[in-house]
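Listing of run-v5.txt; format and content: compact mmCIF, C-alpha atoms.
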```
# COMPACT_ATOMS: atom_id res chain seq x y z
CA MET A 1 16.90 -12.62 18.18
CA THR A 2 14.42 -11.91 15.38
CA LYS A 3 10.85 -11.05 16.25
CA LEU A 4 9.54 -12.14 12.88
CA ILE A 5 7.40 -15.26 12.54
CA TYR A 6 7.94 -17.57 9.57
CA ASP A 7 6.06 -20.51 8.05
CA ALA A 8 7.42 -23.00 10.57
CA GLY A 9 5.94 -21.00 13.46
CA ILE A 10 2.40 -20.90 12.08
CA ASP A 11 -0.41 -23.46 12.26
CA ALA A 12 -1.92 -23.16 8.78
CA SER A 13 -4.68 -25.59 9.79
CA ALA A 14 -6.36 -22.78 11.74
CA LEU A 15 -8.26 -21.97 8.52
CA GLU A 16 -9.16 -25.53 7.62
CA GLY A 17 -12.84 -25.90 6.79
CA GLN A 18 -13.37 -22.15 6.88
CA THR A 19 -14.45 -19.78 4.12
CA VAL A 20 -12.66 -16.49 3.56
CA ALA A 21 -14.58 -13.62 1.97
CA VAL A 22 -12.31 -11.11 0.24
CA ILE A 23 -14.21 -7.85 -0.15
CA GLY A 24 -12.75 -5.96 -3.10
CA TYR A 25 -10.66 -7.13 -6.03
CA GLY A 26 -8.20 -4.33 -6.70
CA SER A 27 -4.45 -4.47 -6.16
CA GLN A 28 -4.42 -6.27 -2.82
CA GLY A 29 -7.79 -7.99 -3.23
CA GLU A 30 -6.76 -9.92 -6.32
CA ALA A 31 -3.44 -10.97 -4.78
CA HIS A 32 -4.97 -12.10 -1.48
CA ALA A 33 -7.84 -13.99 -3.08
CA ARG A 34 -5.71 -15.83 -5.62
CA ASN A 35 -2.90 -16.63 -3.18
CA LEU A 36 -5.33 -17.97 -0.59
CA ALA A 37 -7.11 -20.09 -3.18
CA ASP A 38 -3.80 -21.49 -4.40
CA SER A 39 -2.94 -22.31 -0.77
CA GLY A 40 -6.05 -24.47 -0.53
CA VAL A 41 -8.28 -22.00 1.31
CA ARG A 42 -11.95 -21.73 0.31
CA VAL A 43 -12.44 -18.18 -1.04
CA VAL A 44 -15.42 -16.12 -2.16
CA VAL A 45 -14.99 -12.60 -3.55
CA GLY A 46 -17.45 -9.86 -2.60
CA LEU A 47 -17.98 -7.13 -5.19
CA ARG A 48 -20.60 -4.65 -6.35
CA PRO A 49 -22.92 -6.19 -8.96
CA ASP A 50 -21.62 -3.68 -11.55
CA SER A 51 -17.94 -4.09 -10.71
CA SER A 52 -15.66 -4.33 -13.73
CA SER A 53 -13.41 -6.60 -11.65
CA ALA A 54 -15.97 -9.41 -11.43
CA ASP A 55 -15.11 -11.00 -14.77
CA ARG A 56 -11.40 -10.91 -13.95
CA ALA A 57 -12.03 -12.69 -10.66
CA ARG A 58 -14.18 -15.35 -12.33
CA GLU A 59 -11.53 -15.88 -15.00
CA ALA A 60 -9.12 -16.65 -12.15
CA GLY A 61 -11.48 -19.43 -11.05
CA LEU A 62 -12.90 -17.57 -8.07
CA GLU A 63 -16.52 -17.44 -6.97
CA VAL A 64 -17.98 -13.93 -7.01
CA THR A 65 -21.04 -12.54 -5.27
CA ASP A 66 -22.07 -9.32 -3.56
CA ALA A 67 -20.33 -8.23 -0.35
CA GLY A 68 -23.30 -8.98 1.89
CA SER A 69 -23.76 -12.53 0.61
CA ALA A 70 -20.02 -13.18 0.78
CA THR A 71 -19.95 -12.01 4.40
CA ALA A 72 -22.92 -14.16 5.38
CA ARG A 73 -21.17 -17.27 4.08
CA ALA A 74 -17.75 -16.55 5.57
CA ASN A 75 -15.88 -17.36 8.77
CA VAL A 76 -13.22 -14.76 7.89
CA VAL A 77 -13.93 -11.47 6.12
CA MET A 78 -11.01 -9.43 4.72
CA VAL A 79 -11.94 -5.85 3.79
CA LEU A 80 -9.79 -4.71 0.86
CA VAL A 81 -11.57 -1.64 -0.45
CA PRO A 82 -10.15 1.91 -0.22
CA ASP A 83 -10.07 3.47 3.27
CA THR A 84 -12.61 6.11 2.32
CA ALA A 85 -15.05 3.53 0.91
CA ALA A 86 -14.66 0.94 3.68
CA PRO A 87 -17.01 2.51 6.30
CA SER A 88 -20.02 2.63 3.97
CA VAL A 89 -19.32 -0.87 2.61
CA TYR A 90 -18.99 -2.13 6.17
CA HIS A 91 -22.13 -0.46 7.54
CA ASP A 92 -24.33 -1.17 4.51
CA GLU A 93 -23.25 -4.69 3.52
CA ILE A 94 -20.85 -6.35 5.93
CA GLU A 95 -22.11 -5.52 9.44
CA PRO A 96 -25.73 -6.69 8.85
CA ASN A 97 -24.38 -10.09 7.77
CA LEU A 98 -21.77 -10.68 10.47
CA THR A 99 -22.29 -13.46 12.99
CA ASP A 100 -20.53 -13.92 16.33
CA GLY A 101 -17.22 -15.68 15.93
CA THR A 102 -16.42 -14.19 12.52
CA LEU A 103 -12.90 -12.83 12.09
CA LEU A 104 -13.10 -9.39 10.47
CA MET A 105 -9.77 -8.45 8.89
CA PHE A 106 -8.11 -5.43 7.35
CA ALA A 107 -4.86 -4.74 5.50
CA HIS A 108 -4.57 -1.31 7.12
CA GLY A 109 -5.64 -0.21 10.58
CA PHE A 110 -6.97 3.22 9.56
CA ASN A 111 -10.71 2.77 10.04
CA ILE A 112 -10.48 0.73 13.23
CA HIS A 113 -7.87 3.00 14.80
CA PHE A 114 -9.74 6.21 14.00
CA GLY A 115 -13.15 4.81 14.97
CA GLU A 116 -14.81 4.83 11.55
CA ILE A 117 -15.56 1.11 11.95
CA ASP A 118 -16.43 -0.38 15.36
CA PRO A 119 -17.45 -4.06 15.06
CA PRO A 120 -19.77 -5.63 17.67
CA GLY A 121 -18.27 -7.40 20.65
CA GLY A 122 -18.63 -10.97 19.43
CA ILE A 123 -16.49 -10.32 16.34
CA ASP A 124 -12.76 -11.05 16.18
CA VAL A 125 -10.78 -8.22 14.57
CA GLY A 126 -7.39 -8.81 12.97
CA MET A 127 -5.02 -7.37 10.40
CA VAL A 128 -2.48 -8.62 7.87
CA ALA A 129 -0.73 -5.75 6.10
CA PRO A 130 1.73 -6.77 3.37
CA LYS A 131 4.64 -4.37 2.98
CA GLY A 132 4.35 -4.18 -0.79
CA PRO A 133 1.83 -3.63 -3.60
CA GLY A 134 -0.58 -6.35 -4.63
CA HIS A 135 1.11 -7.26 -7.90
CA LEU A 136 4.29 -8.00 -5.94
CA VAL A 137 2.39 -10.05 -3.34
CA ARG A 138 1.07 -12.18 -6.19
CA ARG A 139 4.24 -12.39 -8.27
CA LEU A 140 6.52 -13.38 -5.39
CA TYR A 141 4.00 -15.96 -4.17
CA GLU A 142 3.91 -17.55 -7.62
CA GLY A 143 7.71 -17.68 -7.60
CA GLY A 144 7.83 -19.41 -4.22
CA GLY A 145 8.59 -16.30 -2.19
CA GLY A 146 6.56 -13.70 -0.36
CA VAL A 147 6.23 -10.09 0.74
CA PRO A 148 6.79 -9.53 4.47
CA ALA A 149 3.78 -8.28 6.42
CA LEU A 150 2.65 -6.83 9.71
CA PHE A 151 -0.11 -8.55 11.65
CA ALA A 152 -2.20 -7.53 14.63
CA VAL A 153 -5.17 -8.64 16.68
CA HIS A 154 -7.43 -5.83 17.84
CA ARG A 155 -10.02 -8.10 19.45
CA ASP A 156 -9.99 -11.82 20.26
CA ALA A 157 -13.56 -12.74 21.15
CA THR A 158 -13.18 -16.41 20.26
CA GLY A 159 -9.67 -17.18 21.46
CA THR A 160 -8.73 -18.14 17.88
CA ALA A 161 -8.12 -14.70 16.36
CA ARG A 162 -4.33 -14.78 16.53
CA ALA A 163 -4.05 -18.29 15.12
CA ARG A 164 -6.45 -17.51 12.26
CA THR A 165 -4.77 -14.19 11.49
CA LEU A 166 -1.39 -15.89 11.26
CA ALA A 167 -2.87 -18.68 9.13
CA TYR A 168 -4.18 -15.99 6.77
CA ALA A 169 -0.69 -14.47 6.55
CA HIS A 170 0.61 -17.95 5.75
CA GLY A 171 -2.04 -18.38 3.06
CA ILE A 172 -1.03 -15.26 1.12
CA GLY A 173 2.67 -16.18 1.37
CA ALA A 174 3.69 -13.39 3.75
CA SER A 175 5.21 -15.71 6.35
CA ARG A 176 7.67 -17.01 3.76
CA ALA A 177 9.38 -13.62 4.14
CA GLY A 178 8.35 -13.10 7.77
CA VAL A 179 5.50 -11.41 9.63
CA LEU A 180 5.93 -8.97 12.50
CA GLU A 181 3.38 -8.48 15.27
CA THR A 182 2.19 -4.93 15.88
CA THR A 183 -0.97 -3.04 16.91
CA PHE A 184 -3.57 -1.29 14.80
CA ALA A 185 -2.38 2.06 16.18
CA GLU A 186 1.30 1.44 15.48
CA GLU A 187 0.69 0.11 11.97
CA THR A 188 -1.61 2.97 11.04
CA GLU A 189 0.54 5.79 12.35
CA THR A 190 3.85 4.48 10.98
CA ASP A 191 2.29 3.59 7.63
CA LEU A 192 0.80 7.05 7.16
CA PHE A 193 4.03 8.71 8.23
CA GLY A 194 6.15 6.57 5.90
CA GLU A 195 3.86 7.33 2.96
CA GLN A 196 3.71 11.07 3.60
CA ALA A 197 7.21 11.93 4.79
CA VAL A 198 9.38 9.44 2.91
CA LEU A 199 8.03 6.86 0.46
CA CYS A 200 5.54 8.96 -1.48
CA GLY A 201 5.33 12.59 -0.37
CA GLY A 202 9.00 12.97 0.54
CA VAL A 203 10.44 11.15 -2.46
CA THR A 204 8.16 12.66 -5.12
CA SER A 205 8.69 16.19 -3.81
CA LEU A 206 12.46 15.69 -3.64
CA VAL A 207 12.65 14.23 -7.16
CA ASN A 208 10.49 16.96 -8.66
CA ALA A 209 12.37 19.73 -6.85
CA GLY A 210 15.72 18.36 -8.06
CA PHE A 211 14.43 18.10 -11.63
CA GLU A 212 13.05 21.64 -11.61
CA THR A 213 16.26 23.03 -10.09
CA LEU A 214 18.37 21.59 -12.92
CA VAL A 215 15.96 22.60 -15.69
CA ASP A 216 15.54 26.12 -14.32
CA ALA A 217 19.35 26.41 -14.27
CA GLY A 218 19.41 25.73 -18.02
CA TYR A 219 20.25 22.02 -18.16
CA GLN A 220 18.52 19.72 -20.62
CA PRO A 221 15.24 18.30 -19.23
CA GLU A 222 16.16 14.82 -20.47
CA LEU A 223 19.47 14.92 -18.62
CA ALA A 224 17.72 16.23 -15.50
CA TYR A 225 15.27 13.32 -15.69
CA PHE A 226 18.06 10.75 -15.87
CA GLU A 227 19.85 12.29 -12.88
CA THR A 228 16.88 12.77 -10.58
CA MET A 229 14.34 10.08 -11.55
CA HIS A 230 15.80 7.30 -13.70
CA GLU A 231 18.85 6.62 -11.53
CA LEU A 232 16.77 6.61 -8.35
CA LYS A 233 15.78 2.99 -8.94
CA LEU A 234 19.42 1.95 -9.15
CA ILE A 235 20.18 3.53 -5.78
CA VAL A 236 17.02 2.22 -4.11
CA ASP A 237 17.72 -1.29 -5.38
CA LEU A 238 21.15 -1.19 -3.73
CA MET A 239 19.60 -0.05 -0.43
CA TYR A 240 16.88 -2.69 -0.76
CA GLN A 241 19.48 -5.41 -1.19
CA GLY A 242 22.02 -4.36 1.43
CA GLY A 243 21.05 -1.23 3.34
CA LEU A 244 22.64 2.21 3.27
CA GLN A 245 26.19 0.94 3.73
CA TYR A 246 25.98 -1.48 0.80
CA MET A 247 24.68 1.34 -1.38
CA ARG A 248 27.58 3.55 -0.28
CA TYR A 249 30.03 0.71 -0.88
CA SER A 250 28.66 0.29 -4.41
CA ILE A 251 28.74 3.91 -5.59
CA SER A 252 31.76 6.10 -6.39
CA ASP A 253 33.76 7.78 -3.64
CA THR A 254 32.68 11.13 -5.06
CA ALA A 255 29.01 10.20 -4.76
CA GLU A 256 29.56 8.80 -1.27
CA TYR A 257 31.29 11.98 -0.09
CA GLY A 258 28.51 14.09 -1.57
CA ASP A 259 26.02 11.90 0.30
CA TYR A 260 27.66 12.70 3.64
CA VAL A 261 28.22 16.43 3.19
CA SER A 262 25.18 17.49 1.13
CA GLY A 263 22.42 15.13 2.29
CA PRO A 264 22.17 16.78 5.75
CA ARG A 265 21.81 20.17 4.03
CA ILE A 266 18.66 18.91 2.29
CA ILE A 267 17.22 17.06 5.28
CA ASP A 268 18.12 19.64 7.92
CA GLU A 269 16.61 20.50 11.29
CA ARG A 270 13.77 22.43 9.68
CA ILE A 271 12.78 19.37 7.66
CA ARG A 272 13.08 17.14 10.73
CA ALA A 273 10.77 19.54 12.57
CA GLU A 274 8.26 19.28 9.72
CA MET A 275 8.47 15.49 9.90
CA LYS A 276 7.70 15.63 13.62
CA GLN A 277 4.75 17.90 12.92
CA ILE A 278 3.44 15.53 10.22
CA LEU A 279 3.72 12.65 12.69
CA ALA A 280 1.92 14.66 15.39
CA GLU A 281 -0.96 15.39 12.99
CA ILE A 282 -1.20 11.69 12.20
CA GLN A 283 -1.14 10.71 15.87
CA ASP A 284 -3.78 13.21 17.00
CA GLY A 285 -6.14 12.39 14.14
CA THR A 286 -5.81 15.71 12.29
CA PHE A 287 -4.83 14.06 9.01
CA ALA A 288 -7.47 11.34 9.37
CA LYS A 289 -10.23 13.91 9.94
CA ARG A 290 -9.08 15.88 6.91
CA TRP A 291 -8.98 12.80 4.67
CA ILE A 292 -12.33 11.45 5.91
CA GLU A 293 -13.98 14.82 5.35
CA GLU A 294 -12.40 15.05 1.92
CA GLY A 295 -13.96 11.73 1.00
CA ARG A 296 -17.38 12.80 2.27
CA LYS A 297 -17.24 15.92 0.06
CA GLY A 298 -16.45 13.87 -3.04
CA ALA A 299 -12.68 14.46 -2.86
CA PRO A 300 -12.47 17.82 -4.72
CA GLU A 301 -9.05 18.76 -3.31
CA PHE A 302 -7.68 15.26 -3.92
CA ARG A 303 -8.79 15.26 -7.55
CA ARG A 304 -7.48 18.79 -8.11
CA LEU A 305 -4.06 17.88 -6.69
CA ARG A 306 -3.96 14.68 -8.76
CA ALA A 307 -4.66 16.61 -11.98
CA GLU A 308 -2.16 19.37 -11.17
CA ASN A 309 0.65 16.94 -10.41
CA ALA A 310 -0.06 14.91 -13.54
CA ASN A 311 0.88 18.00 -15.56
CA ALA A 312 4.34 18.43 -13.99
CA ARG A 313 7.16 18.88 -16.53
CA ILE A 314 8.98 15.80 -15.30
CA GLU A 315 5.97 13.66 -16.22
CA SER A 316 5.92 14.60 -19.91
CA VAL A 317 9.72 14.36 -20.23
CA GLY A 318 9.76 10.98 -18.47
CA ALA A 319 6.90 9.55 -20.53
CA GLU A 320 8.72 10.33 -23.78
CA LEU A 321 12.02 8.84 -22.58
CA ARG A 322 10.38 5.69 -21.18
CA SER A 323 8.53 5.11 -24.44
CA HIS A 324 11.91 4.18 -25.97
CA MET A 325 12.86 1.85 -23.09
CA ASP A 326 10.92 -1.32 -23.78
CA PHE A 327 13.39 -3.22 -21.61
CA ILE A 328 12.05 -1.61 -18.42
CA GLY A 329 8.42 -2.45 -19.19
CA PRO A 330 7.18 1.17 -19.19
CA LYS A 331 3.69 1.76 -17.86
CA GLN A 332 1.31 4.65 -17.49
CA ALA A 333 -1.94 5.44 -15.72
CA PRO A 334 -5.07 4.92 -17.86
CA GLU A 335 -6.16 7.77 -20.07
CA GLY A 336 -8.35 10.24 -18.21
CA TRP A 337 -7.48 8.87 -14.77
CA ALA A 338 -5.82 12.08 -13.54
CA ASP A 339 -8.82 14.12 -14.71
CA GLY A 340 -11.27 12.23 -12.53
CA GLY A 341 -11.64 9.04 -14.51
CA ARG A 342 -11.58 5.48 -13.25
CA GLU A 343 -10.17 4.71 -9.82
CA LYS A 344 -7.08 2.59 -9.22
CA ALA A 345 -8.79 -0.65 -8.18
CA GLU A 346 -11.00 -0.67 -11.27
CA SER A 347 -8.50 0.63 -13.80
CA ILE A 348 -5.13 -0.98 -13.14
CA PRO A 349 -5.60 -4.69 -12.53
CA GLY A 350 -2.90 -6.06 -10.29
CA GLU A 351 -1.18 -2.72 -9.80
CA GLY A 352 -1.20 0.03 -7.17
CA VAL A 353 -0.12 0.41 -3.59
CA VAL A 354 -1.38 -0.92 -0.18
```

I'd like the structure from this file rewritten - as structure tokens, please.
Amino acid sequence: MTKLIYDAGIDASALEGQTVAVIGYGSQGEAHARNLADSGVRVVVGLRPDSSSADRAREAGLEVTDAGSATARANVVMVLVPDTAAPSVYHDEIEPNLTDGTLLMFAHGFNIHFGEIDPPGGIDVGMVAPKGPGHLVRRLYEGGGGVPALFAVHRDATGTARARTLAYAHGIGASRAGVLETTFAEETETDLFGEQAVLCGGVTSLVNAGFETLVDAGYQPELAYFETMHELKLIVDLMYQGGLQYMRYSISDTAEYGDYVSGPRIIDERIRAEMKQILAEIQDGTFAKRWIEEGRKGAPEFRRLRAENANARIESVGAELRSHMDFIGPKQAPEGWADGGREKAESIPGEGVV
């Protein structure tokens, strides 16, 4: 029996007559605010006075004010600014304007789980975490679908936190695809692990290592790109649609056999041990402390690593090849971004990750 909750199992009226303040208007912020508004929820967007996102939000028909004023007017406050920025935004603008009974929400449990944000006792604390980037949350909603999400209640001071959190998930379209109940700890630790070991860190390192191996062996860089990067989407799409077995059913017998005999040589016991160590460092707070401290120092290591990786050979080869593939809708990060320019939320409207 499925544990997921769908539209039919949610009382959307739990948000009737309430105002939702969406703090931030980047990838997720834009999607949440617009989807909620289209679902009939009263929305106000909280942004810095100098935010370049303000005009975009107003053009979408949304009311915009500063984060403190938005919080003061709201019954539900969703914090959708980067993890490293959230504590200062919370302490400086949100917390002074909270009133008992407000539902404070997050799309990631990081700051609550690791104690960077600790709301007062009379505040409900909930989470709705879509399992996809903001542009997909918006696009699927507009098409009548939705991105599945996790939800959790960290504190229920009013007795209405769960109902309102689920109604929020309904409002952004997540319960069309299904929402799964979790805890702030479970969501945070599994999300960080997935990003680091598989979805981002694992995949990018594997792709780049495969590309470099072929190029260093004398093969054409363009051919190496097709084999290690371009075709990855085709394989992932098959897994997305039908799991590992459907992917294996769809590929050649040669590729399937190579999957079985060579895959375990790449992801061997040493790699599994590293994965366990990465998970342990997430669970004990080692990674969180490192990332929080990095943010407090102005993120010098983060910016250095971003710039170094932007100069990888696979990036220049891929950019040239994609420039001739109009049919895939090629995109690129804004000029100067990798060298310390504009941040994601301000520079790539509607794009980015959770």

Which residue of A:Glu315, A:Glu63, A:Asp253, A:Asp100 approaches Asn208 in chain A most closely, using only C-alpha atoms: A:Glu315

For Asn309 in chain A, work out the shell of residues within 12 Å, counting all atoms listed in the file and skipping chain neighbours fewer than 2 positions away, then give it as a PDB file with C-alpha atoms, in the frame of the given file.
```pdb
ATOM      1  CA  GLY A 201       5.330  12.590  -0.370  1.00  0.00           C
ATOM      2  CA  THR A 204       8.160  12.660  -5.120  1.00  0.00           C
ATOM      3  CA  SER A 205       8.690  16.190  -3.810  1.00  0.00           C
ATOM      4  CA  ASN A 208      10.490  16.960  -8.660  1.00  0.00           C
ATOM      5  CA  PHE A 302      -7.680  15.260  -3.920  1.00  0.00           C
ATOM      6  CA  ARG A 303      -8.790  15.260  -7.550  1.00  0.00           C
ATOM      7  CA  ARG A 304      -7.480  18.790  -8.110  1.00  0.00           C
ATOM      8  CA  LEU A 305      -4.060  17.880  -6.690  1.00  0.00           C
ATOM      9  CA  ARG A 306      -3.960  14.680  -8.760  1.00  0.00           C
ATOM     10  CA  ALA A 307      -4.660  16.610 -11.980  1.00  0.00           C
ATOM     11  CA  ASN A 311       0.880  18.000 -15.560  1.00  0.00           C
ATOM     12  CA  ALA A 312       4.340  18.430 -13.990  1.00  0.00           C
ATOM     13  CA  ARG A 313       7.160  18.880 -16.530  1.00  0.00           C
ATOM     14  CA  ILE A 314       8.980  15.800 -15.300  1.00  0.00           C
ATOM     15  CA  GLU A 315       5.970  13.660 -16.220  1.00  0.00           C
ATOM     16  CA  SER A 316       5.920  14.600 -19.910  1.00  0.00           C
ATOM     17  CA  ALA A 338      -5.820  12.080 -13.540  1.00  0.00           C
ATOM     18  CA  ASP A 339      -8.820  14.120 -14.710  1.00  0.00           C
TER      19      ASP A 339
END
```

Point-to-point distance in Å for CA of Gln241 in chain A and CA of Val179 in chain A: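 CA of Val179 in chain A sits 18.7 Å away from CA of Gln241 in chain A.
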
Residues within 8 Å of (-24.3, -8.7, -4.9), counting all atoms listed in the file, listed as a list in words: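 Protein and nucleic acid residues near the point are Gly46, Leu47, Arg48, Pro49, Thr65, Asp66, Ala67, Gly68 and Ser69 of chain A.
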
Judged by all atoms listed in the file, the minimum distance to Ala161 in chain A among A:Thr254, A:Thr213, A:Thr190, A:Thr102 is found for A:Thr102

Might you pull out every residue within 10 Å of Ala14 in chain A, with all atoms listed in the file counted and same-chain residues fewer than 4 positions away left off, and present them as number ranges by chain? A: 10, 18, 160-168

For Leu136 in chain A, the closest of A:Ala31, A:Leu234, A:Ile5, A:Ile172 counting all atoms listed in the file is A:Ala31

Closest pair table for range 60-141 of chain A residues within 7 Å of range 152-155 of chain A, only C-alpha atoms, as a Markdown table:
```
| residue | atom | partner | partner_atom | distance |
| --- | --- | --- | --- | --- |
| A:Asp124 | CA | A:Arg155 | CA | 5.2 |
| A:Val125 | CA | A:Arg155 | CA | 4.9 |
| A:Gly126 | CA | A:Val153 | CA | 4.3 |
| A:Met127 | CA | A:Ala152 | CA | 5.1 |
| A:Val128 | CA | A:Ala152 | CA | 6.9 |
```
